[in-house]
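*Asks:* Input start.txt, format and content: compact mmCIF, C-alpha atoms.
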# COMPACT_ATOMS: atom_id res chain seq x y z
CA MET I 1 -7.48 -34.90 91.82
CA LEU I 2 -5.20 -31.86 91.53
CA ALA I 3 -1.51 -32.28 92.31
CA ALA I 4 -0.17 -30.19 95.17
CA ASN I 5 1.49 -27.69 92.85
CA GLN I 6 -1.51 -27.29 90.55
CA ARG I 7 -3.87 -24.40 91.12
CA LEU I 8 -7.50 -24.12 90.11
CA LEU I 9 -9.50 -20.92 89.76
CA VAL I 10 -13.28 -21.08 89.74
CA ILE I 11 -14.75 -18.21 87.73
CA VAL I 12 -18.37 -17.38 88.56
CA PRO I 13 -19.93 -14.86 86.17
CA ALA I 14 -22.95 -13.25 87.81
CA PHE I 15 -25.46 -10.72 86.55
CA ASN I 16 -28.23 -10.02 89.07
CA GLU I 17 -27.83 -13.38 90.81
CA GLU I 18 -28.34 -12.35 94.46
CA ALA I 19 -30.94 -15.09 94.89
CA SER I 20 -28.73 -18.02 93.90
CA LEU I 21 -25.13 -16.89 94.26
CA ALA I 22 -24.66 -17.59 97.98
CA ASN I 23 -25.75 -21.19 97.54
CA VAL I 24 -23.46 -21.64 94.53
CA ILE I 25 -20.47 -20.52 96.62
CA VAL I 26 -21.46 -22.74 99.55
CA GLU I 27 -21.69 -25.71 97.17
CA LEU I 28 -18.34 -24.84 95.62
CA ARG I 29 -16.66 -24.72 99.02
CA ALA I 30 -18.25 -28.02 99.98
CA ALA I 31 -17.21 -29.75 96.77
CA LEU I 32 -13.71 -28.25 96.60
CA PRO I 33 -12.52 -27.11 100.03
CA GLY I 34 -10.01 -24.26 99.84
CA VAL I 35 -10.60 -23.60 96.16
CA ARG I 36 -10.02 -20.06 94.95
CA VAL I 37 -13.23 -18.49 93.67
CA VAL I 38 -13.60 -15.21 91.81
CA VAL I 39 -17.04 -13.76 91.17
CA ILE I 40 -17.25 -11.50 88.15
CA ASN I 41 -20.10 -9.16 88.98
CA ASP I 42 -21.17 -7.99 85.54
CA GLY I 43 -22.73 -4.68 86.47
CA SER I 44 -25.55 -6.16 88.56
CA HIS I 45 -28.27 -3.85 89.86
CA ASP I 46 -29.01 -6.04 92.86
CA ALA I 47 -26.98 -7.17 95.88
CA THR I 48 -24.79 -9.60 93.93
CA GLN I 49 -21.63 -7.84 95.13
CA GLN I 50 -22.66 -7.91 98.79
CA VAL I 51 -23.72 -11.55 98.58
CA ALA I 52 -20.39 -12.56 97.03
CA GLU I 53 -18.38 -10.53 99.53
CA GLY I 54 -20.44 -11.93 102.37
CA ALA I 55 -19.52 -15.41 101.19
CA GLY I 56 -15.88 -14.39 101.38
CA THR I 57 -14.93 -14.63 97.72
CA GLN I 58 -12.94 -12.22 95.63
CA VAL I 59 -15.31 -10.03 93.61
CA VAL I 60 -14.45 -8.20 90.42
CA ASN I 61 -17.07 -5.51 89.86
CA LEU I 62 -17.38 -4.47 86.26
CA PRO I 63 -18.56 -0.85 86.20
CA TYR I 64 -21.45 -1.71 83.89
CA ASN I 65 -22.90 -4.75 82.17
CA LEU I 66 -20.42 -5.95 79.55
CA GLY I 67 -22.06 -9.28 78.72
CA ILE I 68 -21.10 -12.82 79.60
CA GLY I 69 -18.25 -12.96 77.09
CA ALA I 70 -16.39 -9.95 78.45
CA ALA I 71 -17.17 -11.04 82.03
CA MET I 72 -15.66 -14.48 81.43
CA GLN I 73 -12.66 -12.95 79.72
CA THR I 74 -12.09 -10.85 82.85
CA GLY I 75 -12.01 -14.07 84.86
CA PHE I 76 -9.55 -15.61 82.42
CA ILE I 77 -7.33 -12.52 82.73
CA VAL I 78 -7.22 -13.11 86.51
CA ALA I 79 -6.34 -16.77 85.90
CA ASP I 80 -3.67 -15.85 83.35
CA GLU I 81 -2.03 -13.07 85.33
CA GLU I 82 -1.96 -15.03 88.56
CA GLY I 83 -0.59 -18.13 86.84
CA PHE I 84 -3.40 -20.59 87.48
CA ASP I 85 -3.07 -24.01 85.84
CA PHE I 86 -6.77 -24.60 85.41
CA ALA I 87 -9.88 -22.45 85.30
CA VAL I 88 -13.46 -23.62 85.60
CA GLN I 89 -16.55 -21.62 84.74
CA VAL I 90 -19.51 -22.15 87.04
CA ASP I 91 -22.52 -19.96 86.36
CA GLY I 92 -23.90 -17.91 89.24
CA ASP I 93 -27.47 -19.10 88.65
CA GLY I 94 -26.93 -22.49 90.26
CA GLN I 95 -27.56 -24.65 87.21
CA HIS I 96 -24.07 -26.17 87.33
CA ASP I 97 -23.35 -28.71 90.04
CA PRO I 98 -19.92 -28.03 91.59
CA ARG I 99 -19.62 -31.71 92.51
CA GLU I 100 -19.13 -32.40 88.81
CA ILE I 101 -16.09 -30.13 88.45
CA GLY I 102 -13.83 -33.12 89.06
CA ARG I 103 -15.29 -34.79 86.02
CA LEU I 104 -14.59 -31.68 83.93
CA LEU I 105 -10.99 -31.52 85.12
CA GLN I 106 -10.12 -35.15 84.50
CA PRO I 107 -9.39 -34.89 80.74
CA LEU I 108 -7.23 -31.81 81.43
CA LEU I 109 -5.28 -33.68 84.09
CA ASP I 110 -4.92 -36.67 81.77
CA GLY I 111 -3.65 -34.31 79.06
CA THR I 112 -6.24 -35.52 76.56
CA ALA I 113 -7.94 -32.15 76.14
CA ASP I 114 -7.28 -28.42 76.55
CA VAL I 115 -10.90 -27.43 77.06
CA VAL I 116 -13.65 -29.58 78.56
CA VAL I 117 -17.31 -28.76 78.12
CA GLY I 118 -20.00 -30.23 80.33
CA SER I 119 -22.83 -31.44 78.11
CA ARG I 120 -26.31 -31.96 79.44
CA TYR I 121 -27.22 -34.09 76.43
CA LEU I 122 -24.58 -36.77 76.96
CA ALA I 123 -25.82 -37.52 80.45
CA GLY I 124 -28.91 -39.26 81.67
CA PRO I 125 -32.03 -37.42 82.74
CA GLY I 126 -31.70 -34.15 84.54
CA TYR I 127 -32.89 -30.65 83.92
CA VAL I 128 -33.98 -30.29 80.31
CA SER I 129 -34.74 -26.88 78.86
CA SER I 130 -37.73 -25.98 76.73
CA THR I 131 -38.27 -27.68 73.38
CA MET I 132 -37.56 -24.52 71.43
CA ARG I 133 -34.33 -23.81 73.20
CA ARG I 134 -33.31 -27.46 72.93
CA THR I 135 -33.92 -27.41 69.18
CA GLY I 136 -31.84 -24.24 68.85
CA ILE I 137 -29.01 -25.77 70.84
CA ARG I 138 -29.14 -28.90 68.68
CA ILE I 139 -28.88 -26.91 65.46
CA LEU I 140 -25.95 -24.92 66.79
CA ALA I 141 -24.30 -28.07 68.07
CA ALA I 142 -24.70 -29.75 64.66
CA CYS I 143 -23.14 -26.73 62.92
CA ILE I 144 -20.21 -26.74 65.29
CA THR I 145 -19.69 -30.47 64.94
CA VAL I 146 -19.48 -30.03 61.17
CA LEU I 147 -17.23 -26.97 61.35
CA THR I 148 -14.81 -28.25 63.95
CA GLY I 149 -14.91 -31.96 63.22
CA GLN I 150 -15.19 -32.52 66.96
CA ARG I 151 -18.37 -34.00 68.37
CA CYS I 152 -20.48 -31.34 69.99
CA THR I 153 -23.85 -31.97 71.59
CA ASP I 154 -24.19 -28.91 73.83
CA ALA I 155 -22.73 -25.84 72.15
CA THR I 156 -24.22 -23.37 74.61
CA SER I 157 -23.03 -25.00 77.80
CA GLY I 158 -21.17 -22.60 80.05
CA PHE I 159 -19.99 -25.34 82.41
CA ARG I 160 -16.39 -25.55 81.21
CA ALA I 161 -12.85 -26.15 82.28
CA ALA I 162 -9.69 -24.83 80.63
CA ASN I 163 -6.01 -25.62 81.02
CA ARG I 164 -3.16 -23.12 80.93
CA ARG I 165 -3.00 -22.93 77.13
CA ALA I 166 -6.73 -22.31 76.86
CA ILE I 167 -6.61 -19.76 79.70
CA LYS I 168 -3.94 -17.81 77.78
CA LEU I 169 -6.08 -17.77 74.66
CA CYS I 170 -9.29 -16.77 76.44
CA ALA I 171 -7.54 -13.98 78.36
CA ALA I 172 -6.22 -12.52 75.10
CA TYR I 173 -9.24 -13.19 72.93
CA TYR I 174 -12.76 -14.23 73.86
CA PRO I 175 -15.85 -13.68 71.73
CA PRO I 176 -18.16 -10.98 73.09
CA ASP I 177 -21.90 -11.29 73.85
CA TYR I 178 -22.83 -14.98 73.65
CA PRO I 179 -19.43 -16.62 73.53
CA GLU I 180 -20.02 -20.32 74.16
CA PRO I 181 -20.63 -21.64 70.61
CA GLU I 182 -18.20 -19.19 68.99
CA SER I 183 -15.38 -19.98 71.36
CA LEU I 184 -15.55 -23.65 70.33
CA VAL I 185 -14.76 -22.61 66.76
CA VAL I 186 -11.88 -20.41 67.96
CA PHE I 187 -10.46 -23.24 70.05
CA ARG I 188 -10.46 -25.40 66.95
CA GLN I 189 -8.83 -22.68 64.85
CA VAL I 190 -5.88 -22.33 67.20
CA GLY I 191 -5.55 -26.07 67.61
CA LEU I 192 -6.86 -26.48 71.14
CA ARG I 193 -8.53 -29.82 71.78
CA ALA I 194 -12.07 -29.59 73.12
CA GLN I 195 -13.89 -32.51 74.67
CA GLU I 196 -17.34 -33.01 76.14
CA VAL I 197 -18.16 -34.87 79.30
CA PRO I 198 -21.66 -35.66 80.51
CA VAL I 199 -23.04 -33.48 83.28
CA SER I 200 -26.52 -32.95 84.61
CA MET I 201 -27.77 -29.42 84.73
CA ARG I 202 -30.37 -28.15 87.13
CA ALA I 203 -33.05 -25.56 86.69
CA ARG I 204 -31.73 -22.23 87.88
CA THR I 205 -32.42 -21.71 91.57
CA GLY I 206 -33.37 -18.05 91.29
CA GLY I 207 -33.19 -14.94 89.18
CA LYS I 208 -33.85 -14.82 85.46
CA SER I 209 -32.01 -16.12 82.42
CA SER I 210 -30.53 -13.42 80.24
CA ILE I 211 -31.81 -15.30 77.18
CA THR I 212 -35.58 -14.97 76.91
CA ALA I 213 -37.72 -16.82 74.40
CA ALA I 214 -37.99 -13.72 72.26
CA ARG I 215 -34.24 -13.32 72.14
CA SER I 216 -33.55 -16.93 71.24
CA GLY I 217 -34.11 -16.39 67.52
CA TYR I 218 -31.88 -13.33 67.51
CA TYR I 219 -29.31 -15.29 69.47
CA MET I 220 -29.29 -18.12 66.93
CA LEU I 221 -28.93 -15.78 63.97
CA LYS I 222 -26.19 -13.78 65.60
CA VAL I 223 -24.19 -16.80 66.65
CA LEU I 224 -24.48 -18.40 63.20
CA LEU I 225 -23.38 -15.14 61.56
CA ALA I 226 -20.49 -14.78 63.99
CA ILE I 227 -19.36 -18.34 63.34
CA GLY I 228 -19.63 -17.85 59.58
CA VAL I 229 -17.53 -14.69 59.70
CA MET I 230 -15.09 -16.37 62.03
CA MET I 231 -14.39 -19.05 59.43
CA LEU I 232 -13.35 -16.29 57.00
CA ARG I 233 -11.10 -14.66 59.56
CA ARG I 234 -7.54 -15.54 60.36
CA ALA I 235 -7.23 -17.42 63.61
CA PRO I 236 -5.98 -15.42 66.60
CA ARG I 237 -2.42 -16.23 67.47
CA LEU I 238 -1.94 -18.40 70.50
CA ARG I 239 0.86 -17.04 72.64
CA GLU I 240 3.17 -19.86 73.56
CA VAL I 241 3.11 -20.78 77.21
CA MET B 1 -31.48 20.42 34.20
CA LEU B 2 -30.04 22.14 37.19
CA GLY B 3 -31.55 25.57 37.55
CA ASP B 4 -29.33 28.48 38.52
CA ARG B 5 -31.23 28.88 41.79
CA LEU B 6 -30.68 25.25 42.65
CA THR B 7 -26.98 25.55 41.80
CA ALA B 8 -26.67 28.58 44.07
CA PHE B 9 -28.56 26.77 46.83
CA ILE B 10 -26.39 23.64 46.71
CA PHE B 11 -23.26 25.78 46.44
CA SER B 12 -24.12 27.76 49.56
CA MET B 13 -25.05 24.59 51.49
CA ALA B 14 -21.75 22.96 50.58
CA LEU B 15 -19.83 26.10 51.48
CA ALA B 16 -21.69 26.34 54.83
CA LEU B 17 -20.83 22.72 55.57
CA LEU B 18 -17.20 23.33 54.70
CA LEU B 19 -17.00 26.34 57.02
CA LEU B 20 -18.88 24.58 59.80
CA VAL B 21 -16.53 21.59 59.70
CA LEU B 22 -13.48 23.85 59.71
CA GLU B 23 -14.87 25.83 62.65
CA LEU B 24 -15.63 22.64 64.62
CA VAL B 25 -12.09 21.43 64.00
CA ARG B 26 -10.71 24.82 65.04
CA ARG B 27 -12.64 24.63 68.34
CA ARG B 28 -11.45 21.04 68.82
CA LEU B 29 -15.05 19.77 68.80
CA LEU B 30 -14.23 17.54 65.85
CA ALA B 31 -11.02 15.57 65.57
CA GLU B 32 -9.01 16.20 62.40
CA ARG B 33 -9.15 12.55 61.41
CA TYR B 34 -12.95 12.48 61.45
CA SER B 35 -13.24 15.87 59.76
CA LEU B 36 -11.45 14.62 56.68
CA LEU B 37 -14.43 12.66 55.37
CA TRP B 38 -16.79 15.61 55.88
CA LEU B 39 -14.38 17.99 54.20
CA ALA B 40 -13.97 15.57 51.34
CA MET B 41 -17.76 15.44 50.91
CA ALA B 42 -18.19 19.23 50.97
CA LEU B 43 -15.36 19.68 48.53
CA ALA B 44 -16.71 16.96 46.26
CA VAL B 45 -20.05 18.76 46.00
CA LEU B 46 -18.33 22.09 45.28
CA LEU B 47 -16.09 20.52 42.66
CA LEU B 48 -19.01 18.74 41.09
CA LEU B 49 -20.80 22.10 40.81
CA ALA B 50 -17.69 23.84 39.54
CA ALA B 51 -17.42 21.21 36.85
CA SER B 52 -20.99 22.29 36.24
CA ARG B 53 -23.92 20.80 34.46
CA PRO B 54 -22.33 19.19 31.42
CA MET B 55 -20.26 17.11 33.79
CA VAL B 56 -23.28 16.08 35.87
CA ASP B 57 -25.21 15.29 32.72
CA ARG B 58 -22.40 13.15 31.37
CA LEU B 59 -22.01 11.39 34.68
CA ALA B 60 -25.73 10.64 34.81
CA ALA B 61 -25.72 9.36 31.25
CA LEU B 62 -22.71 7.19 32.03
CA VAL B 63 -24.48 5.24 34.77
CA GLY B 64 -27.86 5.38 33.01
CA ILE B 65 -29.72 7.95 35.12
CA SER B 66 -32.25 9.65 32.86
CA TYR B 67 -32.90 12.62 35.16
CA PRO B 68 -29.46 14.21 35.79
CA PRO B 69 -30.26 15.92 39.13
CA SER B 70 -30.95 12.46 40.51
CA ALA B 71 -27.28 11.72 39.97
CA LEU B 72 -26.50 14.30 42.65
CA PHE B 73 -28.80 12.56 45.09
CA VAL B 74 -27.25 9.20 44.28
CA ALA B 75 -23.79 10.63 44.88
CA GLY B 76 -24.92 12.26 48.13
CA PHE B 77 -26.58 9.08 49.32
CA GLY B 78 -23.44 7.08 48.52
CA GLY B 79 -21.35 9.55 50.48
CA MET B 80 -23.68 9.28 53.50
CA LEU B 81 -23.55 5.50 53.32
CA VAL B 82 -19.75 5.47 53.39
CA LEU B 83 -19.72 7.95 56.24
CA MET B 84 -22.19 5.93 58.31
CA LEU B 85 -20.29 2.72 57.73
CA TYR B 86 -17.11 4.46 58.79
CA LEU B 87 -18.80 5.77 61.96
CA THR B 88 -20.09 2.29 62.82
CA ALA B 89 -16.54 1.00 62.48
CA VAL B 90 -15.37 3.78 64.80
CA ILE B 91 -18.06 2.84 67.34
CA THR B 92 -17.00 -0.79 67.17
CA LYS B 93 -13.42 0.15 67.93
CA LEU B 94 -14.51 2.46 70.74
CA SER B 95 -16.64 -0.21 72.39
CA ARG B 96 -13.74 -2.65 72.26
CA GLN B 97 -11.43 -0.13 73.91
CA ASN B 98 -14.21 0.70 76.35
CA ARG B 99 -14.60 -2.98 77.26
CA ILE B 100 -10.90 -3.38 77.90
CA ALA B 101 -10.87 -0.26 80.10
CA ALA B 102 -13.92 -1.47 82.07
CA GLN B 103 -12.35 -4.90 82.63
CA ARG B 104 -9.15 -3.27 83.86
CA ILE B 105 -11.09 -0.97 86.21
CA GLY B 106 -12.88 -3.99 87.67
CA LEU B 107 -9.61 -5.84 88.19
CA LEU B 108 -7.85 -2.84 89.74
CA ASP B 109 -10.83 -2.13 92.00
CA SER B 110 -10.81 -5.73 93.17
CA ARG B 111 -7.07 -5.58 93.82
CA LEU B 112 -7.42 -2.32 95.73
CA ARG B 113 -10.17 -3.65 98.00
CA GLU B 114 -8.04 -6.74 98.56
CA LEU B 115 -5.07 -4.63 99.66
CA GLU B 116 -7.14 -2.39 101.90
CA ARG B 117 -8.80 -5.28 103.66
CA PRO B 118 -7.18 -5.98 107.04
CA ARG B 119 -8.15 -9.66 107.02
CA GLN B 120 -6.37 -12.64 105.50
CA PRO B 121 -6.26 -12.87 101.73
CA HIS B 122 -8.63 -15.22 99.97
CA PRO B 123 -7.78 -18.88 100.01
Just give me the structure as structure tokens.

*Replies:*
Amino acid sequence: MLAANQRLLVIVPAFNEEASLANVIVELRAALPGVRVVVINDGSHDATQQVAEGAGTQVVNLPYNLGIGAAMQTGFIVADEEGFDFAVQVDGDGQHDPREIGRLLQPLLDGTADVVVGSRYLAGPGYVSSTMRRTGIRILAACITVLTGQRCTDATSGFRAANRRAIKLCAAYYPPDYPEPESLVVFRQVGLRAQEVPVSMRARTGGKSSITAARSGYYMLKVLLAIGVMMLRRAPRLREV
Amino acid sequence: MLGDRLTAFIFSMALALLLLVLELVRRRLLAERYSLLWLAMALAVLLLLAASRPMVDRLAALVGISYPPSALFVAGFGGMLVLMLYLTAVITKLSRQNRIAAQRIGLLDSRLRELERPRQPHP
């Protein structure tokens, strides 16, 4: 999979994930022995920090909840500053299967993509979210497909892998709040190639999603507005690697 | 039309605001850069009054306000709107700087705990 001189950082954003985090780290270690894992503890009120430390991973404790976007950016800053070649996002809620990381990395290793997104809608049956959420994700995905000209079926997937170029961009600029759909537009703007690969997602093993049914509508509106504004904005400059 | 009592009232309010802003700046409770908008607003009201009623009446007629005192409210409302928009922009900038500081604190804290730990570094 990875060449001897290539280094992979697994970024695990976690907000109140004490129930599922330990298992996520165990699975990561089993799937990728010796892999470097950093847990970004996004101001959790529970024992997320202790669980992560107990599992022997590096933990970055944000002093208060900054949101998934800023948490992920913190992980990308670690990857950038320590010179990692690849970074993978695996959510702390256990819905991403670490055994599928290899599949995410393959297009990066082949040099056919800069960012790879795991899509739950390209794969066969697996965990499927509620009808309302699915419809929302479909609408967003359709918008992003039109805007970027790249096929997108799962705009909100957080199961992603990035190469060095993408790490540099995400460390310098990453959309706040709900970054997944917006970041796809940014990637396109700076000329990074995004690609989807099929993955199967599982129902979260514990804790609660930060996106409740009531917030879904607000989420949709906000993301669509952000994407609209983003199209009017000049693209962030990609520092050359 | 603006009565003399109303003129005196608005004049004293504007003057009080002007003095209050200056005093807050003097005590360093208000940064100079943010005081400028407030000062501009207080001065605008004073100038508008100094230019007196004919001016207000003409202004109102110009934009089609039939009751001239309403023009003052419109102007005041517009000023408030600009000020609030400006403050929201300031908050946006502050929260961005705040985010960057928080991220850096988290990274430094992690690094520090790493250095203080006697065991082997992470794989």

*Asks:* If we count all atoms listed in the file, which residues of chain I reach to within 6 Å of chain B? Please list them as a PDB file with C-alpha atoms, in the frame of the given file.

*Replies:*
ATOM      1  CA  GLY I  34     -10.010 -24.260  99.840  1.00  0.00           C
ATOM      2  CA  ARG I  36     -10.020 -20.060  94.950  1.00  0.00           C
ATOM      3  CA  VAL I  60     -14.450  -8.200  90.420  1.00  0.00           C
ATOM      4  CA  ASN I  61     -17.070  -5.510  89.860  1.00  0.00           C
ATOM      5  CA  LEU I  62     -17.380  -4.470  86.260  1.00  0.00           C
ATOM      6  CA  THR I  74     -12.090 -10.850  82.850  1.00  0.00           C
TER       7      THR I  74
END

*Asks:* If we count only C-alpha atoms and set the cut-off at 12 Å, which residues sit around Leu147 (chain I), ignoring sequence neighbours fewer than 3 positions away in its own chain? Please answer as a list in words.

*Replies:*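 My list of contacting residues is Leu140, Ala141, Ala142, Cys143, Ile144, Gln150, Arg151, Cys152, Pro181, Glu182, Leu184, Val185, Val186, Phe187, Arg188, Gln189, Leu224, Ile227, Gly228, Met230 and Met231 of chain I.
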
*Asks:* Quick one: distance from CA of Pro107 (chain I) to CA of Ala161 (chain I) in Å, one decimal?

*Replies:* 9.5 Å

*Asks:* What separation in Å, quoted to one decimal, exists between CA of Asp42 (chain I) and CA of Gly136 (chain I)?

*Replies:*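 Rounded to one decimal, the two atoms are 25.6 Å apart.
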
*Asks:* Nearest to Ala203 (chain I): which of I:Pro13, I:Gly94, I:Gly149, I:Gly118 is it, counting all atoms listed in the file?

*Replies:* I:Gly94

*Asks:* Residues at most 12 Å from Thr131 (chain I), counting only C-alpha atoms, excluding those fewer than 4 positions away in the same chain, as a ChimeraX atom specification?

*Replies:* /I:135-138,213,216

*Asks:* Would you mind listing what lies within 10 Å of Gly43 (chain I) as a ChimeraX atom specification, with all atoms listed in the file counted and same-chain residues fewer than 6 positions away left out?

*Replies:* /I:14-16,49,60-67,71 /B:106

*Asks:* Do you have the CA of Ala52 (chain I)-CA of Ile25 (chain I) distance handy?

*Replies:*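 Interatomic distance here is 8.0 Å.
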
*Asks:* From the list I:Gln73, I:Gln95, I:Thr156, I:Gln58, which residue is nearest Tyr173 (chain I) when using only C-alpha atoms?

*Replies:*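 For Tyr173 (chain I), the nearest of the given residues is I:Gln73.
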